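Contents: one structure, followed by commentary.
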Amino acid sequence: MAEIRNYTINFGPQHPAAHGVLRLVLELDGEVIQRADPHIGLLHRATEKLAEHRTFVQNVPYFDRMDYTTMLCNEHAYVLAVEKLLGIQPPLRAQYLRTMFAEITRLASHLFALGAHALDLGAMTVFLYCFREREDLFDIFEAVSGARMHCAYFRPGGVYRDMPDAMPQYTPTKIHNARAIREMNKNRQGSMLDFIEDFCQRFPKYVDEYETLLTENRIWKQRTVGIGVVSPERALALGFTGPMLRGSGIPWDLRKKQPYDAYEHVDFDVPVGVNGDCYDRYLCRIEEMRQANRIILQCVDWLRKNPGPVMVDNHKIAPPSREEMKANMEELIHHFKLFTEGMHVPAGEAYAAVEHPKGEFGVYLVSDGANKPYRMKVRPPSFIHLSAMDEMSRGHMLADAVAIIGTLEIVFGEIDR
Amino acid sequence: MATRLETLAAALPAALGDQIVSTTTALGELTIVVRPQDLIGVMTTLRDAPELRFEQLIDLAGIDYLAWGVGGTAEERMSRMRDLDVRVAADEPSPHPTRFGVVYHLLSVTHNWRMRVRTYAEDAELPIVDTMIDVWPAANWLEREAFDLYGIVFAGHPDLRRILTDYGFIGHPFRKDFPVSGNVEMRYDPDQKRVIYQPVTIEPREITPRIVREEHYADSEPKRHG
């Protein structure tokens with residue numbers, strides 16, 4: 001019989017299942033993984049170093065590009081950290097707006113993760129369905145901030161502006177005639193809140209569709225049940241957070257345990273897994289989408305009833321309105337100072353964390369009293385989760401590595417920063 | 001009733017004794033400073049003592065305090081850092097005793113509290129701190145990152161390789177005396193028919209200089225006039 005030895009294969013960095021630029025060096029015995037060594041950093045842009053050379057507001061857009069499936073949740077952690085250092089509290093309406101958009105982002109992120117995970121394991125339809133819904137969510141982002149993905153919508157002290165009264169409309173093209181356009185514009189006739197509400201009414205049925213396709217699907221279960229099992233003790237030791245921790249049966253959710261912004265005013269449940277395998281984490285994410293939908297509906301309801309300011313009224317932090325700036329010398333000086341020098345943040349250090357769709361996303365901000373951060377460190381959930389790749393994939397088959405990468409929900413913008 | 005933070009602050013001295021160099025509570029966060037030689041003992045106690053139970057290492061950040069409180073344009077800051085030692089470079093004495101620090105953020109799921117532990121590496125030329133990999137396996141990649149970006153050596157780490165920078169990268173890019181543009185750039189050389197490295201040719205450019213104001217500059221009156 002021929003002698004069989006371990007051999008090493010290179011998975012990625014240009015592999016469709018590598019979710020970006022993951023280079024995975026796998027040591028195999030036959031088809032069984034003996035060791036997995038992820039090589040990361042191919043997307044390293046030194047965001048944290050760049051942040052030391054940008055003013056506090058200029059840093060906000062960099063956070064959109066950190067984890068590019070969860071743009072607003074990243075910004076959320078950053079603005080909370082700056083607000084903590086400044087010792088300010090945004091108006092309640094801004095808190096509700098941020099909560100709502102963080103949850104819309106959660107939907108977008110979970111849809112992306114679910115679609116990509118299913119696609120990796122061979123279920124094409126789910127991917128197409130998920131991206132159909134993401135389109136509506138991007139339209140919401142675009143209507144409120146002007147950008148479909150990289151919104152830069154949150155600000156230290158509130159949000160950039162209030163929601164628009166109307167949704168943009170489709171116009172006839174060569175492909176869609178006037179009648180088709182009327183149909184496409186049907187749920188865009190009211191305000192943006194009406195559109196969000198309409199989406200939330202439709203959304204639970206969409207989740208049922210994904211579940212019909214996957215939850216009892218024999219192939220899906222064969223690929224995910226019992227794969228990448230993590231015990232609760234190991235999950236804690238490995239630094240897991242978010243669905244990765246809850247999938248192992250630990251009911252830990254920052255939105256409940258250490259609420260920020262308007263999360264203490266809204267009602268939702270936290271799903272918890274039992275076995276800590278890929279399937280349980282999938283079920284957690286499905287249920288989190290339903291709960292996020294509930295939160296959005298509550299926020300829509302509150303926002304409808306409570307108009308008000310969306311930014312703090314402090315011109316050392318927030319710029320004055322154009323009208324005031326043109327009428328008043330003092331406002332003009334504030335405007336000039338804010339846009340040339342930026343705000344000054346008192347010396348100190350603060351750590352603010354949010355329940356990001358992937359886990360705990362934290363920002364550790366150190367200020368020495370200048371107009372720029374002295375040091376900014378991001379606590380990236382995917383980075384920590386990917387570091388457990390070796391332990392999770394050991395002893396599994398090569399094809400299961402793909403299932404584990406999918407369940408880790410890694411995004412390289414944030415791992416490499 | 002004592003708040004959660006007060007309960008934690010009261011439990012710490014009993015568990016750690018004189019291993020704590022200093023304790024600060026600011027902005028609702030508790031920070032302790034410990035000596036690097038006590039680190040493993042302190043961390044193990046923090047993890048295992050039933051009244052503390054920090055099961056999770058949430059984050060580990062290296063910090064370079066060289067430019068603390070130094071303002072001016074990038075060039076001015078660089079020249080001041082080159083010439084002077086950390087505490088002389090700033091106009092005011094730095095609150096940080098040495099150049100490199102490591103900051104750990106801990107979380108207890110049982111008690112639902114957080115804290116921060118800071119330690120200062122004694123030698124600025126070769127900063128060494130013990131690895132926490134035996135206390136929390138999550139420290140593995142975080143320490144590799146701090147090593148890569150700051151050159152802090154974690155003694156006892158089984159696999160201290162670079163993680164984020166390129167294969168064969170020279171230097172530690174997040175140090176304050178490392179320019180933001182880097183030192184080398186890459187281009188394809190048609191003569192040699194390969195990609196070569198050369199010193200950077202781009203001019204350093206900074207739109208907004210770093211400005212450090214006097215204390216309380218940022219505290220503003222809450223309401224504008226008129």
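By order of appearance in the structure tokens: chains A, B, ..., then residues from 1 within every chain, and ligands from 1 in the order shown.
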For Gly413 (chain A): contacts at 12 Å, only C-alpha atoms, fewer than 5 positions along chain excluded, given as number ranges by chain: A: 19-22, 40-47, 62-71, 74, 378, 380-383
I'd like the contact shell of region 312-323 of chain A - 12 Å cut-off, only C-alpha atoms, skipping same-chain residues fewer than 5 positions apart - returned as a compact mmCIF listing (two decimals) with all heavy atoms, in the first residue's frame.
```
# COMPACT_ATOMS: atom_id res chain seq x y z
N THR A 55 -9.65 64.26 12.17
CA THR A 55 -10.40 64.80 13.29
C THR A 55 -11.52 63.82 13.65
O THR A 55 -11.81 62.88 12.92
CB THR A 55 -11.00 66.17 12.95
OG1 THR A 55 -11.93 65.99 11.90
CG2 THR A 55 -9.93 67.14 12.53
N PHE A 56 -12.16 64.10 14.78
CA PHE A 56 -13.12 63.13 15.30
C PHE A 56 -14.28 62.90 14.35
O PHE A 56 -14.79 61.79 14.25
CB PHE A 56 -13.61 63.57 16.69
CG PHE A 56 -12.62 63.28 17.76
CD1 PHE A 56 -11.69 64.22 18.15
CD2 PHE A 56 -12.61 62.04 18.38
CE1 PHE A 56 -10.76 63.92 19.13
CE2 PHE A 56 -11.68 61.74 19.37
CZ PHE A 56 -10.75 62.69 19.74
N VAL A 57 -14.71 63.94 13.65
CA VAL A 57 -15.83 63.74 12.72
C VAL A 57 -15.36 63.12 11.42
O VAL A 57 -16.05 62.30 10.82
CB VAL A 57 -16.58 65.07 12.49
CG1 VAL A 57 -17.64 64.91 11.42
CG2 VAL A 57 -17.24 65.52 13.77
N VAL A 79 -19.45 56.59 17.57
CA VAL A 79 -20.05 57.82 18.10
C VAL A 79 -20.35 57.65 19.59
O VAL A 79 -20.24 58.62 20.35
CB VAL A 79 -21.31 58.26 17.31
CG1 VAL A 79 -20.96 58.57 15.89
CG2 VAL A 79 -22.41 57.26 17.38
N VAL A 82 -17.11 58.47 21.38
CA VAL A 82 -16.80 59.92 21.39
C VAL A 82 -17.75 60.62 22.35
O VAL A 82 -17.33 61.50 23.12
CB VAL A 82 -16.93 60.51 19.97
CG1 VAL A 82 -16.66 62.00 20.01
CG2 VAL A 82 -15.96 59.84 19.03
N GLU A 83 -19.02 60.22 22.33
CA GLU A 83 -19.98 60.86 23.24
C GLU A 83 -19.63 60.60 24.70
O GLU A 83 -19.80 61.46 25.55
CB GLU A 83 -21.39 60.36 22.94
CG GLU A 83 -21.99 61.02 21.72
CD GLU A 83 -23.25 60.33 21.24
OE1 GLU A 83 -23.74 59.41 21.92
OE2 GLU A 83 -23.74 60.71 20.17
N LEU A 86 -16.90 62.96 25.55
CA LEU A 86 -17.40 64.33 25.62
C LEU A 86 -18.37 64.52 26.77
O LEU A 86 -18.61 65.65 27.19
CB LEU A 86 -18.11 64.69 24.32
CG LEU A 86 -17.25 64.97 23.09
CD1 LEU A 86 -18.12 64.99 21.86
CD2 LEU A 86 -16.52 66.28 23.22
N GLY A 87 -18.93 63.42 27.25
CA GLY A 87 -19.92 63.52 28.31
C GLY A 87 -21.22 64.12 27.84
O GLY A 87 -21.85 64.90 28.56
N ILE A 88 -21.64 63.80 26.62
CA ILE A 88 -22.91 64.34 26.13
C ILE A 88 -23.88 63.21 25.83
O ILE A 88 -23.49 62.05 25.70
CB ILE A 88 -22.72 65.17 24.83
CG1 ILE A 88 -22.03 64.33 23.76
CG2 ILE A 88 -21.97 66.44 25.12
CD1 ILE A 88 -22.04 64.96 22.40
N GLN A 89 -25.14 63.58 25.74
CA GLN A 89 -26.21 62.62 25.49
C GLN A 89 -27.00 63.15 24.31
O GLN A 89 -27.45 64.29 24.33
CB GLN A 89 -27.11 62.57 26.75
CG GLN A 89 -28.21 61.55 26.71
CD GLN A 89 -27.77 60.26 27.37
OE1 GLN A 89 -26.85 60.27 28.17
NE2 GLN A 89 -28.42 59.17 27.05
N PRO A 90 -27.17 62.38 23.25
CA PRO A 90 -27.94 62.90 22.12
C PRO A 90 -29.43 62.99 22.47
O PRO A 90 -29.89 62.33 23.40
CB PRO A 90 -27.70 61.87 21.03
CG PRO A 90 -27.33 60.64 21.74
CD PRO A 90 -26.66 61.05 23.00
N PRO A 91 -30.20 63.80 21.73
CA PRO A 91 -31.64 63.87 21.99
C PRO A 91 -32.29 62.50 21.79
O PRO A 91 -31.79 61.66 21.05
CB PRO A 91 -32.15 64.86 20.93
CG PRO A 91 -30.96 65.51 20.35
CD PRO A 91 -29.79 64.65 20.61
N LEU A 92 -33.42 62.32 22.47
CA LEU A 92 -34.06 61.00 22.46
C LEU A 92 -34.44 60.56 21.05
O LEU A 92 -34.34 59.38 20.70
CB LEU A 92 -35.29 61.02 23.37
CG LEU A 92 -35.88 59.66 23.74
CD1 LEU A 92 -34.83 58.79 24.40
CD2 LEU A 92 -37.07 59.82 24.67
N ARG A 93 -34.87 61.51 20.24
CA ARG A 93 -35.25 61.14 18.88
C ARG A 93 -34.05 60.60 18.10
O ARG A 93 -34.17 59.63 17.34
CB ARG A 93 -35.85 62.35 18.16
CG ARG A 93 -36.41 61.99 16.78
CD ARG A 93 -37.11 63.16 16.14
NE ARG A 93 -37.42 62.92 14.75
CZ ARG A 93 -38.51 62.27 14.32
NH1 ARG A 93 -39.36 61.81 15.19
NH2 ARG A 93 -38.72 62.09 13.04
N ALA A 94 -32.89 61.21 18.32
CA ALA A 94 -31.68 60.70 17.65
C ALA A 94 -31.36 59.30 18.16
O ALA A 94 -30.93 58.44 17.39
CB ALA A 94 -30.51 61.64 17.91
N GLN A 95 -31.59 59.06 19.44
CA GLN A 95 -31.32 57.72 19.98
C GLN A 95 -32.23 56.70 19.32
O GLN A 95 -31.79 55.59 18.99
CB GLN A 95 -31.53 57.72 21.48
CG GLN A 95 -30.56 58.61 22.21
CD GLN A 95 -30.64 58.44 23.71
OE1 GLN A 95 -31.27 57.52 24.20
NE2 GLN A 95 -30.01 59.33 24.44
N PHE A 154 -24.42 58.65 11.24
CA PHE A 154 -24.36 58.96 12.67
C PHE A 154 -23.27 60.01 12.91
O PHE A 154 -22.28 60.06 12.21
CB PHE A 154 -24.04 57.70 13.48
CG PHE A 154 -25.12 56.66 13.45
CD1 PHE A 154 -24.93 55.44 14.08
CD2 PHE A 154 -26.32 56.88 12.81
CE1 PHE A 154 -25.91 54.46 14.05
CE2 PHE A 154 -27.31 55.91 12.78
CZ PHE A 154 -27.10 54.69 13.40
N ARG A 155 -23.51 60.82 13.94
CA ARG A 155 -22.52 61.83 14.33
C ARG A 155 -22.39 61.78 15.84
O ARG A 155 -23.37 61.45 16.52
CB ARG A 155 -23.01 63.23 13.97
CG ARG A 155 -23.08 63.54 12.52
CD ARG A 155 -21.71 63.85 11.95
NE ARG A 155 -21.83 64.22 10.55
CZ ARG A 155 -22.00 63.36 9.56
NH1 ARG A 155 -22.04 62.08 9.81
NH2 ARG A 155 -22.12 63.78 8.32
N PRO A 156 -21.22 62.13 16.36
CA PRO A 156 -21.17 62.33 17.80
C PRO A 156 -22.19 63.40 18.17
O PRO A 156 -22.13 64.51 17.65
CB PRO A 156 -19.74 62.82 18.05
CG PRO A 156 -18.97 62.32 16.87
CD PRO A 156 -19.92 62.33 15.72
N GLY A 157 -23.16 63.05 19.01
CA GLY A 157 -24.19 64.01 19.39
C GLY A 157 -25.51 63.83 18.67
O GLY A 157 -26.40 64.63 18.85
N GLY A 158 -25.65 62.80 17.87
CA GLY A 158 -26.94 62.57 17.22
C GLY A 158 -26.78 61.92 15.86
O GLY A 158 -25.95 61.04 15.68
N VAL A 159 -27.59 62.36 14.91
CA VAL A 159 -27.46 61.89 13.53
C VAL A 159 -27.38 63.11 12.63
O VAL A 159 -27.73 64.22 13.01
CB VAL A 159 -28.63 60.98 13.10
CG1 VAL A 159 -28.64 59.71 13.91
CG2 VAL A 159 -29.95 61.70 13.21
N TYR A 160 -26.97 62.86 11.39
CA TYR A 160 -26.69 63.94 10.45
C TYR A 160 -27.95 64.75 10.14
O TYR A 160 -27.91 65.97 10.08
CB TYR A 160 -26.05 63.33 9.21
CG TYR A 160 -26.19 64.09 7.94
CD1 TYR A 160 -25.63 65.37 7.82
CD2 TYR A 160 -26.85 63.56 6.84
CE1 TYR A 160 -25.75 66.07 6.65
CE2 TYR A 160 -26.98 64.26 5.68
CZ TYR A 160 -26.42 65.52 5.58
OH TYR A 160 -26.55 66.23 4.41
N ARG A 161 -29.08 64.08 9.92
CA ARG A 161 -30.31 64.83 9.66
C ARG A 161 -31.50 63.93 9.94
O ARG A 161 -31.37 62.71 10.08
CB ARG A 161 -30.35 65.32 8.22
CG ARG A 161 -30.41 64.19 7.21
CD ARG A 161 -30.83 64.73 5.87
NE ARG A 161 -31.10 63.62 4.96
CZ ARG A 161 -31.49 63.78 3.72
NH1 ARG A 161 -31.66 64.97 3.22
NH2 ARG A 161 -31.73 62.74 2.95
N ASN A 328 -25.26 85.32 12.03
CA ASN A 328 -24.74 85.57 13.36
C ASN A 328 -23.24 85.34 13.37
O ASN A 328 -22.75 84.31 12.93
CB ASN A 328 -25.46 84.59 14.31
CG ASN A 328 -25.19 84.89 15.75
OD1 ASN A 328 -24.12 85.37 16.11
ND2 ASN A 328 -26.17 84.60 16.58
N MET A 329 -22.51 86.32 13.89
CA MET A 329 -21.04 86.22 13.89
C MET A 329 -20.55 85.03 14.71
O MET A 329 -19.64 84.30 14.29
CB MET A 329 -20.49 87.52 14.48
CG MET A 329 -19.01 87.68 14.27
SD MET A 329 -18.69 87.78 12.51
CE MET A 329 -17.04 87.17 12.45
N GLU A 330 -21.15 84.85 15.86
CA GLU A 330 -20.67 83.78 16.74
C GLU A 330 -20.84 82.41 16.10
O GLU A 330 -19.96 81.55 16.17
CB GLU A 330 -21.42 83.85 18.06
CG GLU A 330 -20.74 83.03 19.13
CD GLU A 330 -21.43 83.18 20.47
OE1 GLU A 330 -22.11 84.20 20.68
OE2 GLU A 330 -21.29 82.27 21.29
N GLU A 331 -21.99 82.23 15.43
CA GLU A 331 -22.23 80.96 14.76
C GLU A 331 -21.24 80.77 13.61
O GLU A 331 -20.81 79.65 13.35
CB GLU A 331 -23.66 80.88 14.18
CG GLU A 331 -24.77 81.40 15.06
CD GLU A 331 -24.84 80.74 16.40
OE1 GLU A 331 -23.79 80.70 17.07
OE2 GLU A 331 -25.92 80.29 16.80
N LEU A 332 -20.89 81.88 12.98
CA LEU A 332 -19.93 81.79 11.87
C LEU A 332 -18.58 81.30 12.40
O LEU A 332 -17.93 80.45 11.78
CB LEU A 332 -19.79 83.15 11.20
CG LEU A 332 -18.86 83.18 9.99
CD1 LEU A 332 -19.43 82.34 8.86
CD2 LEU A 332 -18.65 84.60 9.51
N ILE A 333 -18.18 81.82 13.55
CA ILE A 333 -16.91 81.39 14.13
C ILE A 333 -16.97 79.91 14.50
O ILE A 333 -16.05 79.14 14.23
CB ILE A 333 -16.55 82.25 15.36
CG1 ILE A 333 -16.33 83.69 14.93
CG2 ILE A 333 -15.33 81.72 16.06
CD1 ILE A 333 -16.26 84.67 16.07
N HIS A 334 -18.09 79.52 15.11
CA HIS A 334 -18.25 78.11 15.46
C HIS A 334 -18.15 77.22 14.23
O HIS A 334 -17.46 76.20 14.22
CB HIS A 334 -19.62 77.89 16.13
CG HIS A 334 -19.58 78.12 17.59
ND1 HIS A 334 -20.52 78.88 18.24
CD2 HIS A 334 -18.73 77.68 18.54
CE1 HIS A 334 -20.25 78.91 19.53
NE2 HIS A 334 -19.16 78.19 19.73
N HIS A 335 -18.84 77.64 13.19
CA HIS A 335 -18.83 76.88 11.94
C HIS A 335 -17.40 76.75 11.42
O HIS A 335 -16.94 75.65 11.11
CB HIS A 335 -19.71 77.60 10.92
CG HIS A 335 -19.74 76.96 9.57
ND1 HIS A 335 -20.70 76.04 9.22
CD2 HIS A 335 -18.92 77.07 8.51
CE1 HIS A 335 -20.46 75.63 7.99
NE2 HIS A 335 -19.39 76.24 7.53
N PHE A 336 -16.70 77.89 11.40
CA PHE A 336 -15.34 77.90 10.87
C PHE A 336 -14.42 76.99 11.70
O PHE A 336 -13.68 76.17 11.16
CB PHE A 336 -14.82 79.34 10.88
CG PHE A 336 -13.40 79.45 10.44
CD1 PHE A 336 -13.08 79.35 9.10
CD2 PHE A 336 -12.38 79.65 11.36
CE1 PHE A 336 -11.76 79.45 8.68
CE2 PHE A 336 -11.06 79.74 10.95
CZ PHE A 336 -10.76 79.64 9.60
N LYS A 337 -14.52 77.12 13.02
CA LYS A 337 -13.63 76.33 13.86
C LYS A 337 -13.93 74.83 13.73
O LYS A 337 -13.02 74.01 13.68
CB LYS A 337 -13.79 76.74 15.34
CG LYS A 337 -13.15 78.05 15.69
CD LYS A 337 -11.72 78.15 15.24
CE LYS A 337 -10.72 77.69 16.28
NZ LYS A 337 -9.34 77.86 15.77
N LEU A 338 -15.24 74.51 13.65
CA LEU A 338 -15.59 73.09 13.57
C LEU A 338 -15.10 72.46 12.27
O LEU A 338 -14.66 71.32 12.25
CB LEU A 338 -17.11 72.93 13.65
CG LEU A 338 -17.66 72.60 15.02
CD1 LEU A 338 -19.17 72.53 14.96
CD2 LEU A 338 -17.11 71.26 15.51
N PHE A 339 -15.18 73.20 11.18
CA PHE A 339 -14.83 72.59 9.90
C PHE A 339 -13.36 72.73 9.56
O PHE A 339 -12.87 72.07 8.64
CB PHE A 339 -15.71 73.15 8.78
CG PHE A 339 -17.09 72.57 8.84
CD1 PHE A 339 -18.12 73.23 9.44
CD2 PHE A 339 -17.32 71.30 8.32
CE1 PHE A 339 -19.38 72.68 9.52
CE2 PHE A 339 -18.58 70.75 8.40
CZ PHE A 339 -19.62 71.43 9.01
N THR A 340 -12.62 73.58 10.27
CA THR A 340 -11.18 73.61 10.02
C THR A 340 -10.43 72.80 11.07
O THR A 340 -9.64 71.93 10.75
CB THR A 340 -10.64 75.04 10.05
OG1 THR A 340 -11.05 75.66 11.27
CG2 THR A 340 -11.15 75.83 8.88
N GLU A 341 -10.72 73.08 12.32
CA GLU A 341 -9.95 72.43 13.38
C GLU A 341 -10.65 71.19 13.91
O GLU A 341 -10.01 70.24 14.33
CB GLU A 341 -9.74 73.44 14.51
CG GLU A 341 -8.76 73.01 15.55
CD GLU A 341 -8.54 74.09 16.58
OE1 GLU A 341 -8.30 75.24 16.16
OE2 GLU A 341 -8.63 73.81 17.77
N GLY A 342 -11.96 71.19 13.91
CA GLY A 342 -12.69 70.06 14.45
C GLY A 342 -12.93 70.23 15.93
O GLY A 342 -12.42 71.15 16.56
N MET A 343 -13.72 69.34 16.49
CA MET A 343 -14.04 69.45 17.92
C MET A 343 -12.87 68.94 18.77
O MET A 343 -12.09 68.11 18.34
CB MET A 343 -15.30 68.66 18.24
CG MET A 343 -15.12 67.17 18.09
SD MET A 343 -16.52 66.28 18.73
CE MET A 343 -17.48 66.03 17.27
N HIS A 344 -12.76 69.50 19.97
CA HIS A 344 -11.76 69.02 20.91
C HIS A 344 -12.43 68.11 21.92
O HIS A 344 -13.48 68.44 22.45
CB HIS A 344 -11.07 70.18 21.62
CG HIS A 344 -10.04 70.82 20.77
ND1 HIS A 344 -8.70 70.55 20.91
CD2 HIS A 344 -10.16 71.66 19.74
CE1 HIS A 344 -8.03 71.24 20.00
NE2 HIS A 344 -8.89 71.91 19.28
N VAL A 345 -11.80 67.00 22.17
CA VAL A 345 -12.37 66.02 23.08
C VAL A 345 -11.48 66.00 24.32
O VAL A 345 -10.26 65.94 24.19
CB VAL A 345 -12.45 64.65 22.40
CG1 VAL A 345 -12.78 63.57 23.38
CG2 VAL A 345 -13.47 64.68 21.28
N ASN A 371 -7.53 67.67 18.80
CA ASN A 371 -8.68 67.59 17.90
C ASN A 371 -8.72 66.28 17.15
O ASN A 371 -9.56 66.08 16.29
CB ASN A 371 -8.65 68.77 16.92
CG ASN A 371 -7.34 68.85 16.17
OD1 ASN A 371 -6.35 68.23 16.58
ND2 ASN A 371 -7.30 69.59 15.10
N TYR B 217 -10.72 73.51 27.38
CA TYR B 217 -11.07 74.21 26.14
C TYR B 217 -12.34 73.59 25.56
O TYR B 217 -13.22 74.28 25.06
CB TYR B 217 -9.94 74.09 25.14
CG TYR B 217 -10.25 74.67 23.78
CD1 TYR B 217 -10.11 76.04 23.54
CD2 TYR B 217 -10.71 73.87 22.74
CE1 TYR B 217 -10.40 76.57 22.31
CE2 TYR B 217 -11.01 74.40 21.50
CZ TYR B 217 -10.85 75.76 21.29
OH TYR B 217 -11.15 76.29 20.06
N ALA B 218 -12.43 72.26 25.65
CA ALA B 218 -13.55 71.57 25.00
C ALA B 218 -14.84 71.69 25.80
O ALA B 218 -15.91 71.50 25.26
CB ALA B 218 -13.20 70.11 24.80
N ASP B 219 -14.75 72.00 27.09
CA ASP B 219 -15.98 72.16 27.86
C ASP B 219 -16.65 73.43 27.37
O ASP B 219 -16.05 74.50 27.37
CB ASP B 219 -15.70 72.31 29.36
CG ASP B 219 -14.71 71.29 29.83
OD1 ASP B 219 -14.38 70.39 29.02
OD2 ASP B 219 -14.24 71.38 30.96
N SER B 220 -17.88 73.31 26.97
CA SER B 220 -18.52 74.49 26.41
C SER B 220 -19.72 74.86 27.27
O SER B 220 -20.24 74.06 28.02
CB SER B 220 -19.00 74.18 25.01
OG SER B 220 -19.84 73.07 25.06
N GLU B 221 -20.11 76.12 27.13
CA GLU B 221 -21.36 76.51 27.77
C GLU B 221 -22.48 75.81 27.00
O GLU B 221 -22.41 75.67 25.78
CB GLU B 221 -21.53 78.02 27.79
CG GLU B 221 -21.62 78.72 26.46
CD GLU B 221 -20.28 78.79 25.71
OE1 GLU B 221 -19.24 78.72 26.35
OE2 GLU B 221 -20.31 78.89 24.48
N PRO B 222 -23.50 75.33 27.67
CA PRO B 222 -24.46 74.47 27.01
C PRO B 222 -25.29 75.17 25.94
O PRO B 222 -25.72 74.57 24.99
CB PRO B 222 -25.35 73.97 28.15
CG PRO B 222 -25.15 74.93 29.25
CD PRO B 222 -23.79 75.49 29.10
N LYS B 223 -25.51 76.47 26.08
CA LYS B 223 -26.46 77.13 25.17
C LYS B 223 -25.81 78.33 24.54
O LYS B 223 -25.06 79.06 25.16
CB LYS B 223 -27.70 77.54 25.97
CG LYS B 223 -28.82 78.13 25.16
CD LYS B 223 -29.59 77.06 24.38
CE LYS B 223 -30.69 77.71 23.57
NZ LYS B 223 -30.26 78.15 22.27
N ARG B 224 -26.08 78.53 23.25
CA ARG B 224 -25.54 79.71 22.57
C ARG B 224 -26.41 80.94 22.91
O ARG B 224 -27.48 80.82 23.48
CB ARG B 224 -25.52 79.49 21.07
CG ARG B 224 -26.90 79.40 20.48
CD ARG B 224 -26.83 78.94 19.05
NE ARG B 224 -28.13 79.07 18.42
CZ ARG B 224 -29.14 78.28 18.66
NH1 ARG B 224 -29.05 77.32 19.54
NH2 ARG B 224 -30.28 78.44 18.04
N HIS B 225 -25.91 82.12 22.51
CA HIS B 225 -26.65 83.34 22.83
C HIS B 225 -27.61 83.70 21.72
O HIS B 225 -27.48 83.28 20.60
CB HIS B 225 -25.67 84.49 23.03
CG HIS B 225 -24.56 84.14 23.96
ND1 HIS B 225 -24.75 83.98 25.30
CD2 HIS B 225 -23.27 83.87 23.73
CE1 HIS B 225 -23.60 83.65 25.86
NE2 HIS B 225 -22.70 83.56 24.92
```
Sorted per-residue table, region 69-137 of chain B near region 23-45 of chain B, closest atoms and distance, 7 Å, only C-alpha atoms, as JSON lines:
```
{"residue": "B:Met115", "atom": "CA", "partner": "B:Leu30", "partner_atom": "CA", "distance": 5.2}
{"residue": "B:Arg116", "atom": "CA", "partner": "B:Thr31", "partner_atom": "CA", "distance": 4.6}
{"residue": "B:Val117", "atom": "CA", "partner": "B:Ile32", "partner_atom": "CA", "distance": 5.0}
{"residue": "B:Arg118", "atom": "CA", "partner": "B:Val33", "partner_atom": "CA", "distance": 4.7}
{"residue": "B:Thr119", "atom": "CA", "partner": "B:Val34", "partner_atom": "CA", "distance": 5.3}
{"residue": "B:Tyr120", "atom": "CA", "partner": "B:Pro36", "partner_atom": "CA", "distance": 6.6}
{"residue": "B:Ala121", "atom": "CA", "partner": "B:Pro36", "partner_atom": "CA", "distance": 6.5}
{"residue": "B:Val129", "atom": "CA", "partner": "B:Pro36", "partner_atom": "CA", "distance": 6.0}
{"residue": "B:Met132", "atom": "CA", "partner": "B:Ile40", "partner_atom": "CA", "distance": 6.8}
{"residue": "B:Val135", "atom": "CA", "partner": "B:Thr44", "partner_atom": "CA", "distance": 6.2}
```
Interface list for chain B, partner chain A, 7 Å threshold, only C-alpha atoms, as a list in words: Leu27, Glu55, Gln56, Leu57, Ile58, Asp59, Ala61, Trp68, Gly69, Trp136, Pro137, Ala138, Trp141, Ile163, Leu164, Thr165, Phe174, Thr208, Arg210, Ile211, Val212, Arg213, Ala218, Ser220, Pro222 and Lys223 of chain B
Region 291-300 of chain A environment, 10 Å, only C-alpha atoms, sequence neighbours closer than 5 positions dropped, as JSON, numbers by chain: {"A": [93, 95, 96, 97, 98, 99, 100, 101, 102, 103, 104, 105, 106, 107, 192, 193, 194, 196, 197, 198, 199, 200, 201, 203, 204, 262, 263, 265, 266, 267, 268, 269, 270, 271, 285, 286, 305]}
Just to be explicit: take each residue in the selection above, keep C-alpha atoms, and write the result as a short mmCIF file (atom, residue, chain, number, x, y, z; two decimals), in the first residue's frame.
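As written to disk, result.cif reads:
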```
data_model
loop_
_atom_site.label_atom_id
_atom_site.label_comp_id
_atom_site.auth_asym_id
_atom_site.auth_seq_id
_atom_site.Cartn_x
_atom_site.Cartn_y
_atom_site.Cartn_z
CA ARG A 93 -35.25 61.14 18.88
CA GLN A 95 -31.32 57.72 19.98
CA TYR A 96 -34.41 56.12 18.49
CA LEU A 97 -33.23 56.87 14.98
CA ARG A 98 -29.88 55.27 15.70
CA THR A 99 -31.53 52.26 17.27
CA MET A 100 -33.78 51.84 14.27
CA PHE A 101 -30.97 52.15 11.77
CA ALA A 102 -28.76 49.82 13.77
CA GLU A 103 -31.52 47.22 13.53
CA ILE A 104 -32.07 47.84 9.82
CA THR A 105 -28.34 47.28 9.44
CA ARG A 106 -28.66 44.08 11.46
CA LEU A 107 -31.24 42.84 8.99
CA MET A 192 -39.83 57.11 4.57
CA LEU A 193 -41.35 55.80 7.77
CA ASP A 194 -44.28 54.43 5.76
CA ILE A 196 -39.98 51.14 6.46
CA GLU A 197 -43.23 50.07 8.05
CA ASP A 198 -44.40 48.51 4.81
CA PHE A 199 -41.12 46.60 4.60
CA CYS A 200 -41.48 45.35 8.17
CA GLN A 201 -45.01 44.13 7.45
CA PHE A 203 -40.51 40.93 6.07
CA PRO A 204 -41.71 38.10 8.40
CA ALA A 262 -33.07 53.49 22.98
CA TYR A 263 -32.70 49.75 23.52
CA HIS A 265 -37.30 51.33 25.74
CA VAL A 266 -37.97 48.62 23.18
CA ASP A 267 -39.21 45.11 23.68
CA PHE A 268 -37.48 42.11 22.12
CA ASP A 269 -36.31 38.58 22.92
CA VAL A 270 -32.86 37.08 22.73
CA PRO A 271 -32.68 33.69 21.03
CA ARG A 285 -29.64 34.51 13.31
CA ILE A 286 -33.02 33.73 11.76
CA LYS A 305 -45.44 60.32 17.44
#
```
